[in-house]
Every structure is written in C-alpha cells, then in structure tokens.
$ cat final-v3.cif   # mmCIF, C-alpha atoms
data_start
#
loop_
_atom_site.label_atom_id
_atom_site.label_comp_id
_atom_site.auth_asym_id
_atom_site.auth_seq_id
_atom_site.Cartn_x
_atom_site.Cartn_y
_atom_site.Cartn_z
CA MET A 1 -54.66 -8.27 9.62
CA VAL A 2 -51.25 -7.25 10.89
CA HIS A 3 -49.31 -5.01 8.52
CA ILE A 4 -45.54 -5.39 8.72
CA ALA A 5 -43.53 -2.28 7.88
CA TRP A 6 -40.48 -3.48 6.01
CA GLU A 7 -37.35 -1.40 6.36
CA PRO A 8 -36.08 -0.20 2.97
CA HIS A 9 -32.67 -1.58 2.02
CA PRO A 10 -29.99 1.06 2.39
CA GLU A 11 -28.88 2.69 -0.84
CA PRO A 12 -25.50 1.47 -2.12
CA LEU A 13 -22.62 3.91 -1.87
CA ALA A 14 -22.13 5.90 -5.06
CA LEU A 15 -18.90 4.86 -6.75
CA ALA A 16 -18.20 8.52 -7.52
CA SER A 17 -17.92 9.14 -3.77
CA ALA A 18 -14.79 6.97 -3.48
CA PRO A 19 -11.70 9.21 -3.04
CA VAL A 20 -9.53 7.97 -5.91
CA PRO A 21 -5.76 8.22 -5.29
CA GLU A 22 -3.88 11.19 -6.76
CA TYR A 23 -2.20 9.24 -9.56
CA GLY A 24 -0.07 11.47 -11.75
CA SER A 25 0.20 14.38 -9.33
CA GLY A 26 0.55 13.23 -5.72
CA SER A 27 0.74 9.47 -5.21
CA LEU A 28 3.49 7.10 -4.10
CA ALA A 29 4.00 6.13 -7.74
CA ASP A 30 4.98 9.73 -8.49
CA VAL A 31 7.73 10.13 -5.88
CA LEU A 32 10.75 8.44 -7.47
CA PRO A 33 10.03 9.66 -11.03
CA THR A 34 9.92 13.22 -9.67
CA LEU A 35 13.19 12.80 -7.79
CA ALA A 36 14.88 11.05 -10.73
CA ALA A 37 13.74 13.75 -13.13
CA GLY A 38 15.43 16.31 -10.90
CA MET A 39 18.66 14.34 -11.29
CA GLY A 40 18.39 14.30 -15.05
CA VAL A 41 17.35 10.67 -15.57
CA PRO A 42 15.95 10.34 -19.12
CA GLY A 43 12.27 9.47 -19.43
CA MET A 44 11.39 10.64 -15.92
CA THR A 45 8.92 13.46 -15.31
CA ALA A 46 8.62 15.63 -12.20
CA VAL A 47 4.89 15.27 -11.60
CA ILE A 48 4.79 16.20 -7.91
CA GLU A 49 5.14 19.87 -8.66
CA GLU A 50 5.78 20.91 -5.07
CA LEU A 51 9.15 19.11 -4.82
CA THR A 52 12.46 20.83 -5.55
CA ALA A 53 15.28 18.97 -7.29
CA ALA A 54 18.31 17.72 -5.35
CA ASP A 55 21.51 15.94 -6.41
CA ARG A 56 21.18 13.32 -3.69
CA ASN A 57 17.81 11.87 -2.74
CA CYS A 58 16.90 9.37 -0.04
CA VAL A 59 13.47 7.84 0.50
CA PHE A 60 12.85 6.35 3.94
CA LEU A 61 9.68 4.28 3.80
CA ILE A 62 8.14 3.40 7.17
CA ASP A 63 5.69 0.56 6.67
CA GLY A 64 2.28 1.43 8.11
CA LEU A 65 2.86 5.08 9.05
CA GLY A 66 -0.32 6.76 7.84
CA TRP A 67 -0.72 10.54 7.86
CA GLU A 68 -3.71 10.41 10.20
CA GLN A 69 -1.97 8.11 12.67
CA LEU A 70 1.10 10.35 12.74
CA ARG A 71 -1.04 13.45 13.23
CA ALA A 72 -2.77 11.77 16.19
CA HIS A 73 0.51 11.00 18.02
CA PRO A 74 2.65 14.14 18.28
CA ASP A 75 4.06 13.19 21.68
CA GLU A 76 5.38 9.84 20.44
CA ALA A 77 6.87 11.30 17.25
CA PRO A 78 8.09 14.85 17.97
CA PHE A 79 10.66 14.90 15.18
CA LEU A 80 8.34 13.58 12.48
CA THR A 81 5.56 15.84 13.70
CA SER A 82 7.86 18.85 13.40
CA LEU A 83 8.21 18.05 9.69
CA MET A 84 4.52 17.76 8.89
CA ALA A 85 4.19 21.42 7.95
CA ALA A 86 6.87 20.80 5.31
CA SER A 87 5.23 17.66 3.92
CA ARG A 88 4.88 17.55 0.14
CA GLY A 89 7.22 20.39 -0.63
CA GLY A 90 6.13 22.74 2.13
CA THR A 91 2.39 22.53 1.47
CA GLY A 92 1.71 20.66 4.71
CA ARG A 93 -0.30 18.10 2.76
CA PRO A 94 0.01 14.30 2.47
CA ILE A 95 0.18 12.23 -0.68
CA THR A 96 -1.89 9.12 -1.41
CA ALA A 97 -0.76 5.52 -1.38
CA GLY A 98 -2.74 4.10 -4.32
CA TYR A 99 -5.40 1.41 -4.44
CA PRO A 100 -5.34 -0.95 -2.76
CA ALA A 101 -3.35 0.61 0.08
CA THR A 102 -1.28 -2.44 0.90
CA THR A 103 2.42 -3.21 1.05
CA ALA A 104 3.09 -5.27 -2.09
CA VAL A 105 1.10 -2.87 -4.24
CA SER A 106 2.65 0.25 -2.73
CA LEU A 107 6.24 -0.98 -2.88
CA ALA A 108 5.78 -1.88 -6.53
CA SER A 109 4.36 1.61 -7.15
CA VAL A 110 7.29 3.24 -5.34
CA GLY A 111 9.97 1.28 -7.15
CA THR A 112 8.54 1.27 -10.67
CA GLY A 113 6.99 4.72 -10.56
CA LEU A 114 3.82 3.19 -11.98
CA PRO A 115 0.29 2.80 -10.60
CA PRO A 116 -1.08 -0.72 -9.98
CA GLY A 117 -2.83 -0.94 -13.32
CA ARG A 118 0.55 -0.71 -15.04
CA HIS A 119 2.92 -2.62 -12.76
CA GLY A 120 0.34 -5.37 -12.32
CA LEU A 121 0.34 -6.05 -8.60
CA PRO A 122 -3.31 -5.15 -7.92
CA GLY A 123 -3.76 -6.52 -4.41
CA TYR A 124 -2.50 -8.57 -1.50
CA THR A 125 -3.71 -11.65 -3.38
CA ALA A 126 -4.86 -11.71 -6.99
CA ARG A 127 -5.82 -14.31 -9.56
CA ASN A 128 -3.24 -15.39 -12.10
CA PRO A 129 -5.29 -15.54 -15.32
CA ALA A 130 -2.85 -18.03 -16.84
CA THR A 131 -3.34 -20.64 -14.10
CA GLY A 132 -6.59 -19.63 -12.39
CA GLU A 133 -4.77 -19.74 -9.05
CA LEU A 134 -4.84 -17.11 -6.35
CA MET A 135 -1.37 -15.60 -5.98
CA ASN A 136 -0.08 -13.95 -2.82
CA GLN A 137 1.95 -11.04 -4.15
CA LEU A 138 3.69 -10.29 -0.86
CA ARG A 139 4.92 -13.85 -0.31
CA TRP A 140 4.99 -14.68 -4.05
CA ASN A 141 3.12 -17.93 -3.56
CA PRO A 142 2.57 -19.94 -5.70
CA TRP A 143 5.75 -19.22 -7.58
CA THR A 144 5.37 -17.11 -10.69
CA ASP A 145 8.11 -15.79 -12.97
CA PRO A 146 8.76 -12.31 -11.51
CA ARG A 147 9.79 -10.69 -14.80
CA ALA A 148 6.73 -12.02 -16.61
CA TRP A 149 4.49 -10.79 -13.82
CA GLN A 150 6.07 -7.30 -13.66
CA PRO A 151 8.17 -6.55 -16.78
CA HIS A 152 8.64 -2.78 -16.39
CA PRO A 153 12.07 -1.47 -15.32
CA THR A 154 12.38 0.11 -11.89
CA VAL A 155 13.34 3.74 -11.41
CA PHE A 156 16.52 2.52 -9.69
CA GLN A 157 17.50 0.61 -12.83
CA LEU A 158 16.85 3.62 -15.05
CA ALA A 159 18.76 5.88 -12.67
CA GLN A 160 21.74 3.53 -12.60
CA GLN A 161 21.78 3.44 -16.41
CA ALA A 162 21.89 7.24 -16.36
CA GLY A 163 24.97 7.26 -14.12
CA VAL A 164 23.19 7.85 -10.80
CA HIS A 165 24.44 5.88 -7.81
CA ALA A 166 21.46 3.74 -6.76
CA ALA A 167 21.17 1.71 -3.55
CA GLN A 168 18.65 0.02 -1.29
CA VAL A 169 19.32 -0.44 2.42
CA SER A 170 16.93 -2.85 4.14
CA SER A 171 16.70 -6.09 6.09
CA PRO A 172 18.83 -8.90 4.62
CA THR A 173 15.62 -10.97 4.55
CA PHE A 174 14.38 -9.00 1.56
CA GLN A 175 17.49 -9.12 -0.61
CA ASN A 176 16.49 -11.96 -2.93
CA THR A 177 12.71 -11.95 -2.69
CA PRO A 178 10.72 -11.77 -5.94
CA LEU A 179 8.97 -8.63 -4.73
CA THR A 180 12.32 -6.90 -4.28
CA LYS A 181 13.40 -8.04 -7.74
CA VAL A 182 10.34 -6.66 -9.52
CA ALA A 183 9.86 -3.53 -7.43
CA LEU A 184 13.14 -2.34 -5.94
CA SER A 185 16.04 -3.78 -7.92
CA GLY A 186 18.71 -1.64 -9.56
CA GLY A 187 21.98 -0.50 -8.12
CA THR A 188 23.21 -2.29 -5.00
CA PHE A 189 21.23 -3.90 -2.18
CA HIS A 190 22.74 -3.57 1.30
CA GLY A 191 21.30 -5.77 4.03
CA ARG A 192 21.48 -4.52 7.61
CA LEU A 193 19.67 -5.97 10.59
CA THR A 194 19.10 -2.99 12.87
CA GLY A 195 17.36 0.25 12.11
CA GLU A 196 20.35 2.25 13.31
CA GLU A 197 22.67 0.40 10.92
CA ARG A 198 20.30 1.11 8.04
CA MET A 199 20.14 4.82 8.79
CA ASP A 200 23.92 5.12 9.04
CA LEU A 201 24.53 3.18 5.83
CA ALA A 202 21.83 5.06 3.95
CA ALA A 203 23.63 8.30 4.78
CA GLU A 204 26.93 6.78 3.62
CA GLN A 205 25.37 5.66 0.35
CA LEU A 206 23.96 9.12 -0.25
CA ALA A 207 27.46 10.55 0.06
CA ALA A 208 29.01 7.91 -2.21
CA ALA A 209 28.51 9.90 -5.44
CA ASP A 210 27.62 13.35 -6.72
CA ARG A 211 24.20 12.03 -7.75
CA SER A 212 22.64 9.36 -5.53
CA LEU A 213 19.23 7.73 -5.19
CA VAL A 214 18.90 5.72 -1.97
CA TYR A 215 15.95 3.81 -0.50
CA THR A 216 15.68 2.48 3.04
CA TYR A 217 12.86 0.72 4.83
CA TYR A 218 11.50 -0.19 8.27
CA ALA A 219 8.73 -2.79 8.66
CA GLU A 220 8.07 -3.34 12.36
CA LEU A 221 5.62 -0.49 12.91
CA ASP A 222 3.24 -2.21 10.50
CA GLY A 223 3.67 -5.55 12.24
CA SER A 224 2.82 -4.04 15.61
CA GLY A 225 -0.28 -2.43 14.15
CA HIS A 226 -1.52 -5.68 12.67
CA ARG A 227 -0.96 -7.64 15.85
CA TYR A 228 -1.96 -5.12 18.51
CA GLY A 229 -3.60 -2.20 16.72
CA VAL A 230 -2.64 1.44 16.28
CA ALA A 231 -4.22 2.23 19.65
CA SER A 232 -1.78 -0.08 21.46
CA ASP A 233 1.21 0.75 23.63
CA THR A 234 3.30 -1.56 21.44
CA TRP A 235 2.48 0.45 18.30
CA ARG A 236 3.19 3.73 20.06
CA GLY A 237 6.53 2.37 21.24
CA GLN A 238 7.44 1.47 17.69
CA LEU A 239 6.45 4.96 16.55
CA MET A 240 8.80 6.45 19.13
CA TYR A 241 11.58 4.27 17.77
CA VAL A 242 11.06 5.19 14.11
CA ASP A 243 10.94 8.84 15.10
CA ARG A 244 14.44 8.47 16.51
CA LEU A 245 15.59 6.59 13.40
CA ALA A 246 14.33 9.33 11.11
CA GLN A 247 16.11 11.99 13.15
CA ARG A 248 19.30 9.93 13.15
CA LEU A 249 19.28 9.77 9.36
CA ALA A 250 18.34 13.42 8.95
CA GLU A 251 21.26 14.53 11.09
CA GLN A 252 23.74 12.65 8.86
CA LEU A 253 22.68 13.95 5.45
CA PRO A 254 25.61 14.91 3.23
CA PRO A 255 25.51 18.24 1.37
CA ARG A 256 23.00 18.77 -1.48
CA SER A 257 20.71 16.05 -0.14
CA ALA A 258 16.96 15.68 0.29
CA LEU A 259 15.44 13.09 2.60
CA TYR A 260 11.80 12.11 2.05
CA ILE A 261 10.04 10.12 4.78
CA THR A 262 6.91 8.37 3.60
CA ALA A 263 4.85 5.20 4.06
CA ASP A 264 3.04 2.55 2.05
CA HIS A 265 -0.35 2.90 3.78
CA GLY A 266 -2.09 3.86 6.99
CA MET A 267 -4.14 1.56 9.20
CA VAL A 268 -7.44 1.24 11.07
CA ASP A 269 -8.31 -0.94 14.06
CA ILE A 270 -11.41 -3.07 13.55
CA ALA A 271 -13.48 -4.31 16.50
CA PHE A 272 -13.96 -8.05 16.99
CA ASP A 273 -17.72 -8.36 16.68
CA GLU A 274 -20.23 -9.34 14.02
CA ASP A 275 -21.12 -5.74 13.21
CA HIS A 276 -17.57 -4.94 12.21
CA ARG A 277 -16.28 -8.31 10.95
CA ILE A 278 -18.35 -10.04 8.26
CA ASP A 279 -17.25 -13.62 7.70
CA PHE A 280 -17.31 -14.65 4.05
CA ASP A 281 -16.82 -18.29 5.01
CA GLU A 282 -20.07 -18.24 7.02
CA ASP A 283 -22.20 -16.15 4.64
CA TRP A 284 -23.90 -18.23 1.95
CA GLU A 285 -25.16 -15.15 0.08
CA LEU A 286 -21.70 -13.71 -0.40
CA ARG A 287 -20.24 -17.10 -1.32
CA ALA A 288 -22.84 -17.83 -4.01
CA GLY A 289 -21.26 -17.84 -7.46
CA VAL A 290 -17.78 -16.99 -6.15
CA ALA A 291 -14.89 -19.11 -7.41
CA LEU A 292 -12.06 -17.27 -5.63
CA LEU A 293 -11.88 -14.62 -2.94
CA GLY A 294 -8.82 -12.41 -3.31
CA GLY A 295 -7.39 -9.21 -1.89
CA GLU A 296 -7.76 -8.64 1.84
CA GLY A 297 -10.43 -7.71 4.35
CA ARG A 298 -10.81 -4.06 3.37
CA ALA A 299 -9.98 -4.40 -0.34
CA ARG A 300 -11.49 -7.48 -1.93
CA HIS A 301 -11.09 -8.95 -5.40
CA VAL A 302 -14.00 -11.31 -6.06
CA TYR A 303 -13.63 -13.78 -8.93
CA ALA A 304 -16.95 -15.22 -10.06
CA VAL A 305 -17.82 -18.57 -11.54
CA SER A 306 -18.12 -18.12 -15.29
CA GLY A 307 -21.53 -16.68 -16.13
CA ALA A 308 -22.25 -15.57 -12.56
CA GLU A 309 -20.48 -12.21 -12.69
CA ASP A 310 -23.62 -10.05 -12.80
CA ASP A 311 -25.36 -12.04 -10.08
CA VAL A 312 -22.34 -11.79 -7.77
CA LEU A 313 -22.13 -8.03 -8.33
CA THR A 314 -25.83 -7.61 -7.58
CA CYS A 315 -25.63 -9.71 -4.42
CA TRP A 316 -22.52 -7.99 -3.07
CA ARG A 317 -24.08 -4.60 -3.67
CA GLU A 318 -27.25 -5.61 -1.85
CA VAL A 319 -25.44 -7.16 1.12
CA LEU A 320 -22.44 -4.82 1.47
CA GLY A 321 -23.13 -1.79 -0.70
CA ASP A 322 -23.90 0.61 2.13
CA ARG A 323 -20.57 -0.19 3.86
CA PHE A 324 -18.30 -0.94 0.89
CA TRP A 325 -17.86 0.70 -2.47
CA VAL A 326 -18.77 -2.28 -4.67
CA ALA A 327 -17.84 -2.08 -8.35
CA SER A 328 -17.55 -4.36 -11.32
CA ARG A 329 -14.07 -4.74 -12.77
CA ASP A 330 -14.86 -2.33 -15.61
CA GLU A 331 -16.46 0.19 -13.25
CA ALA A 332 -13.42 0.18 -10.96
CA ILE A 333 -11.10 0.61 -13.94
CA ALA A 334 -13.22 3.41 -15.42
CA ALA A 335 -13.27 5.17 -12.04
CA GLY A 336 -9.46 5.14 -11.99
CA TRP A 337 -9.06 3.05 -8.85
CA PHE A 338 -5.98 1.29 -10.24
CA GLY A 339 -4.67 4.27 -12.19
CA PRO A 340 -5.49 5.97 -15.47
CA HIS A 341 -4.35 3.04 -17.62
CA ILE A 342 -4.53 -0.74 -17.30
CA ASP A 343 -2.00 -2.97 -19.07
CA ASP A 344 -3.67 -5.81 -20.96
CA ARG A 345 -1.88 -8.45 -18.90
CA VAL A 346 -3.30 -6.89 -15.70
CA TYR A 347 -6.98 -6.81 -16.67
CA GLY A 348 -7.78 -10.39 -15.66
CA ARG A 349 -5.94 -10.07 -12.35
CA ILE A 350 -8.53 -7.58 -11.13
CA GLY A 351 -11.65 -9.13 -9.60
CA ASP A 352 -14.91 -9.45 -11.49
CA VAL A 353 -16.19 -7.56 -8.46
CA VAL A 354 -14.03 -5.14 -6.46
CA ALA A 355 -15.13 -4.19 -2.93
CA ALA A 356 -13.44 -1.37 -0.99
CA ALA A 357 -14.43 -0.71 2.62
CA HIS A 358 -16.00 2.65 3.46
CA ASP A 359 -16.94 2.05 7.11
CA ASP A 360 -14.88 0.56 9.95
CA VAL A 361 -15.70 -2.92 8.74
CA LEU A 362 -13.77 -5.97 7.61
CA LEU A 363 -14.73 -8.82 5.29
CA ILE A 364 -12.81 -11.68 6.84
CA ALA A 365 -12.55 -15.33 5.75
CA SER A 366 -12.05 -17.20 9.00
CA GLU A 367 -11.40 -20.63 7.44
CA ARG A 368 -9.32 -19.82 4.38
CA GLU A 369 -7.51 -16.81 5.92
CA PRO A 370 -7.25 -17.53 9.66
CA ASN A 371 -4.15 -15.41 10.29
CA GLU A 372 -5.32 -12.37 8.37
CA SER A 373 -8.78 -12.66 9.93
CA ALA A 374 -7.28 -12.36 13.42
CA MET A 375 -5.47 -9.06 12.82
CA VAL A 376 -6.43 -6.02 14.89
CA GLY A 377 -5.08 -3.35 12.55
CA ASN A 378 -6.05 -3.50 8.86
CA HIS A 379 -5.70 -1.49 5.67
CA GLY A 380 -6.28 -1.60 1.94
CA SER A 381 -9.16 0.71 1.11
CA MET A 382 -9.49 4.34 0.03
CA THR A 383 -10.44 5.96 3.33
CA PRO A 384 -8.15 8.79 4.52
CA ALA A 385 -6.85 6.69 7.42
CA GLU A 386 -5.52 4.12 4.94
CA GLN A 387 -4.75 6.21 1.85
CA LEU A 388 -3.05 9.32 3.16
CA VAL A 389 0.67 9.02 3.82
CA PRO A 390 3.28 11.66 4.64
CA LEU A 391 5.99 12.96 2.35
CA LEU A 392 8.10 14.66 5.01
CA GLU A 393 11.17 16.49 3.80
CA VAL A 394 14.59 17.33 5.25
CA ARG A 395 17.23 19.06 3.13
CA SER A 396 20.89 19.75 3.73
#

$ encode --input "final-v3.cif" --output "structure tokens"
Amino acid sequence: MVHIAWEPHPEPLALASAPVPEYGSGSLADVLPTLAAGMGVPGMTAVIEELTAADRNCVFLIDGLGWEQLRAHPDEAPFLTSLMAASRGGTGRPITAGYPATTAVSLASVGTGLPPGRHGLPGYTARNPATGELMNQLRWNPWTDPRAWQPHPTVFQLAQQAGVHAAQVSSPTFQNTPLTKVALSGGTFHGRLTGEERMDLAAEQLAAADRSLVYTYYAELDGSGHRYGVASDTWRGQLMYVDRLAQRLAEQLPPRSALYITADHGMVDIAFDEDHRIDFDEDWELRAGVALLGGEGRARHVYAVSGAEDDVLTCWREVLGDRFWVASRDEAIAAGWFGPHIDDRVYGRIGDVVAAAHDDVLLIASEREPNESAMVGNHGSMTPAEQLVPLLEVRS
C-alpha cells in the first residue's frame, strides 16, 4: 500500500496581525481637523499632536505617493526627500491612509475628517443596501444621492462657517463630481489644468485672507503607477515632475503659512502570473455563495447570498487565508479596520466577508473587471507599501 503524505493546509493569518490604521492620532482623517483646530474652528480637535498651529494651511495631496515609494527614489525627488526628516511635525514618521487605502475612501477621509466607518465610503466599490447594487464610489455609478450617501459636513464647510477662507484648487474635471461634493466641498473651487497653475493659485489663495485653508491635488502619478507600475520610467518621470511642483508651491508660501504634502495611498506592482493574480471569475470555490464581489483586487468586499455568509467566510479563509487577512464584517469592524465607530447606514455597505491582501497578490476578476484586472500597480490593503503616506511640512 502506498501512503500519501498530505501537506497540511497553511494556517490563516491572524486578524490581530493586520496593521490597523492610526485613526484618531495619525491618519489622513486627522489632518484637516488638526489644522482647523489650530485656526480656531469650533468642533475641531488637534489629534495629530506633532503638528504646530498656523494661520494659513495648505494641503497638497499627490495621488499615489506612498512613503515607501518616496523613500526608495531620492534621486527622482530630491526636494520631497529633503523634507522626510520633518514629516509629521519633525518626527520623521509617516501617517496612515486608512482602510481601504484607495482614492475615493481617502479623499472622503481627508475632506470630512472622518474615518470610513463614519463617512460611509468603505471601498472602491460597495453594495448599496437600499438597492442591492454595487456602487462605484470613485465614478459614482450607478447614481446615488450624494448627500444621503455621505451626510456629514466637510472640514472646509465648517471652516468657512467659522470665517476661514477655504478653497480647493484642482483639475476642472473634478469641480462638479459627486465625490467632490461629499468630500471636498466648502469655500470656492478653482479649476486649473496644469500643475504649475495649481501651485501658483494655491499660493495666491493662501494669501487671500488672514486665516486660510487650501487644498490642491495632482492625480497623474497614480495613473502612471496603475498603467506602468512604480518600477517604470514613466512613474519615475512623474515623480520628478511632482517634486518640482511641490518645490514651486513651497517657494511661494505667504507669511504664517504651513504646507503639508501628503498622499491618499501607496502602491505595489503585482506580477502577471497565476501565483500572484488569482482570478475570481475562474475559481468556482471562491464564487460559491457569492452574490456580489466588491472593493478591488487587494481590498475585497464579498457579499454573500442570504444564508451563505458563514460558508463563504470559511471557504475564503481556506483558499486565501494564508495570503489575505480574511474577516467577517463584524470581525473587521471589531478590529477597527474602518475606524473606531461605524454609522448605522454604513454597516450594510461593508462586505459579509472582507479580504485584505498581505502578500504581493491580487484577487482579480478578469470578466467583470477587465480594466482593473490589467493594472500593473495596485493598492488598497494595510501593508506598509500601501498604507504609509508622508506628511511633509514646509513653513514660512
């Protein structure tokens, strides 16, 4: 008789090993409340203790500029690199994006000063409990009433009510989008096409009043990373450009100003092979009992057929648990992945199963998400390469 030695199934990752974002002390959601508190805006609390108050504050958010990627490219970004020792109030430390580390979620956290469990944008795509449909929260498709989806005021709105001059300087494309309305409205939006125009106008807006809160944004670094990867010449070229933009803005700061350069997430390149890209659309085990697949490749919301929640959780843990942190909705909430509190309206938007990538691996869906499945650079999870973002500081 031949005895077959079966390999034991790898143990699932312990949920306690997931590095939960620093909500309430050092996350993106804490930046604007801290700055606004320093300007005397009622109801705001300075929770990032390392920051010093200023009368005029500007946040320059560079989409996709993770702390680890910046640290790895000092030659391409000499100006930004020179500021790293002063990150987070001179501690030389990064802050965290929040979970999932993706643009729609992070921008909502920046603008509202709230973690995802409060503002209610819990992923790239999420289920609308009222309709049962999967909603893309970056493109706002299918249409959903923005104010019903995210009813909290933005920090810009609260600052404006307190007499602070508030302004956003970004691409004209974003002026009237629902995401801008729910995350970044308040004060005046100024659309400018080029990065140089945005930097110049941001400096002008800072100088427009004794107390000013200004936000400006650059997206193309992220786009280059998705298309070509953070190891590409194209991405490095974009990094060189944003380094010059940041220096241009820093050199124009009016008196009594603080400029904070940050990002919404980092990024990792994922190889195009079966070991690194698991295709949900071709895996019958992972599909069993799943009604909707939400989120994105490194941060999945899994919505089960009614009654199949436990079976789906068990299966996903068995298949993916050594490469993803796999949690039930209640486990993810209890662990604080989406923040310390969850608004009631947000609970059903979170997946019955939540899967966050630990390894350099991607859960693609080649048929239902062909464009996303073809991206080189990806983000969303809680690994340092995705979570850690700079909070570089220049003061005048």

$ residues_near_point --input "final-v3.cif" --point "(23.4, 2.3, -2.2)" --cutoff "8 Å" --atoms "all atoms listed in the file" --output "PyMOL selection string"
chain A and resi 165-169+187-190+202+205-206+208+212-215

$ closest_residue --input "final-v3.cif" --among "A:Glu331, A:Glu220, A:Asp243, A:Glu282" --to "Ile261 of chain A" --atoms "only C-alpha atoms"
A:Asp243

$ resolve_selection --input "final-v3.cif" --expression "the PyMOL selection byres ((chain A and resi 101) around 10)" --output "PyMOL selection string"
chain A and resi 21+64+96-100+102-106+122-124+264-267+298-299+379-383+386-388

$ resolve_selection --input "final-v3.cif" --expression "the PyMOL selection byres ((chain A and resi 191) around 8)" --output "ChimeraX atom specification"
/A:169-173,175,189-190,192-193

$ residues_around --input "final-v3.cif" --residues "segment 340-346 of chain A" --least-positions-apart "5" --cutoff "12 Å" --atoms "only C-alpha atoms" --output "PyMOL selection string"
chain A and resi 20-25+98-99+114-123+126-130+148-152+329-330+332-335+351

$ closest_residue --input "final-v3.cif" --among "A:Pro42, A:Pro74, A:Gly66, A:Gly377" --to "Ser232 of chain A" --atoms "all atoms listed in the file"
A:Gly377

$ atom_distance --input "final-v3.cif" --atom1 "atom CA of Glu50 of chain A" --atom2 "atom CA of Gly89 of chain A"
4.7 Å

$ build_atoms --input "final-v3.cif" --residues "segment 305-326 of chain A" --atoms "N, CA and C atoms" --output "compact mmCIF listing (two decimals), keeping the file's coordinate frame"
# COMPACT_ATOMS: atom_id res chain seq x y z
N VAL A 305 -17.67 -17.43 -10.64
CA VAL A 305 -17.82 -18.57 -11.54
C VAL A 305 -18.27 -18.02 -12.89
N SER A 306 -17.77 -18.61 -13.97
CA SER A 306 -18.12 -18.12 -15.29
C SER A 306 -19.64 -18.05 -15.49
N GLY A 307 -20.10 -16.89 -15.91
CA GLY A 307 -21.53 -16.68 -16.13
C GLY A 307 -22.25 -16.09 -14.94
N ALA A 308 -21.59 -16.06 -13.77
CA ALA A 308 -22.25 -15.57 -12.56
C ALA A 308 -21.81 -14.16 -12.18
N GLU A 309 -21.07 -13.50 -13.04
CA GLU A 309 -20.48 -12.21 -12.69
C GLU A 309 -21.54 -11.17 -12.29
N ASP A 310 -22.58 -11.05 -13.09
CA ASP A 310 -23.62 -10.05 -12.80
C ASP A 310 -24.37 -10.36 -11.51
N ASP A 311 -24.65 -11.65 -11.29
CA ASP A 311 -25.36 -12.04 -10.08
C ASP A 311 -24.52 -11.76 -8.84
N VAL A 312 -23.22 -12.05 -8.91
CA VAL A 312 -22.34 -11.79 -7.77
C VAL A 312 -22.27 -10.28 -7.48
N LEU A 313 -22.16 -9.49 -8.52
CA LEU A 313 -22.13 -8.03 -8.33
C LEU A 313 -23.41 -7.54 -7.68
N THR A 314 -24.54 -8.02 -8.15
CA THR A 314 -25.83 -7.61 -7.58
C THR A 314 -25.93 -8.00 -6.12
N CYS A 315 -25.55 -9.23 -5.80
CA CYS A 315 -25.63 -9.71 -4.42
C CYS A 315 -24.71 -8.92 -3.50
N TRP A 316 -23.47 -8.71 -3.92
CA TRP A 316 -22.52 -7.99 -3.07
C TRP A 316 -22.97 -6.56 -2.84
N ARG A 317 -23.57 -5.95 -3.86
CA ARG A 317 -24.08 -4.60 -3.67
C ARG A 317 -25.23 -4.58 -2.66
N GLU A 318 -26.10 -5.57 -2.75
CA GLU A 318 -27.25 -5.61 -1.85
C GLU A 318 -26.82 -5.87 -0.42
N VAL A 319 -25.85 -6.77 -0.23
CA VAL A 319 -25.44 -7.16 1.12
C VAL A 319 -24.47 -6.15 1.73
N LEU A 320 -23.54 -5.63 0.93
CA LEU A 320 -22.44 -4.82 1.47
C LEU A 320 -22.41 -3.38 0.98
N GLY A 321 -23.27 -3.05 0.03
CA GLY A 321 -23.13 -1.79 -0.70
C GLY A 321 -23.25 -0.52 0.10
N ASP A 322 -23.83 -0.60 1.31
CA ASP A 322 -23.90 0.61 2.13
C ASP A 322 -22.67 0.77 3.02
N ARG A 323 -21.78 -0.25 3.04
CA ARG A 323 -20.57 -0.19 3.86
C ARG A 323 -19.29 -0.32 3.04
N PHE A 324 -19.42 -0.82 1.82
CA PHE A 324 -18.30 -0.94 0.89
C PHE A 324 -18.68 -0.25 -0.41
N TRP A 325 -17.69 0.34 -1.07
CA TRP A 325 -17.86 0.70 -2.47
C TRP A 325 -17.73 -0.60 -3.26
N VAL A 326 -18.76 -1.02 -3.93
CA VAL A 326 -18.77 -2.28 -4.67
C VAL A 326 -18.89 -1.98 -6.16
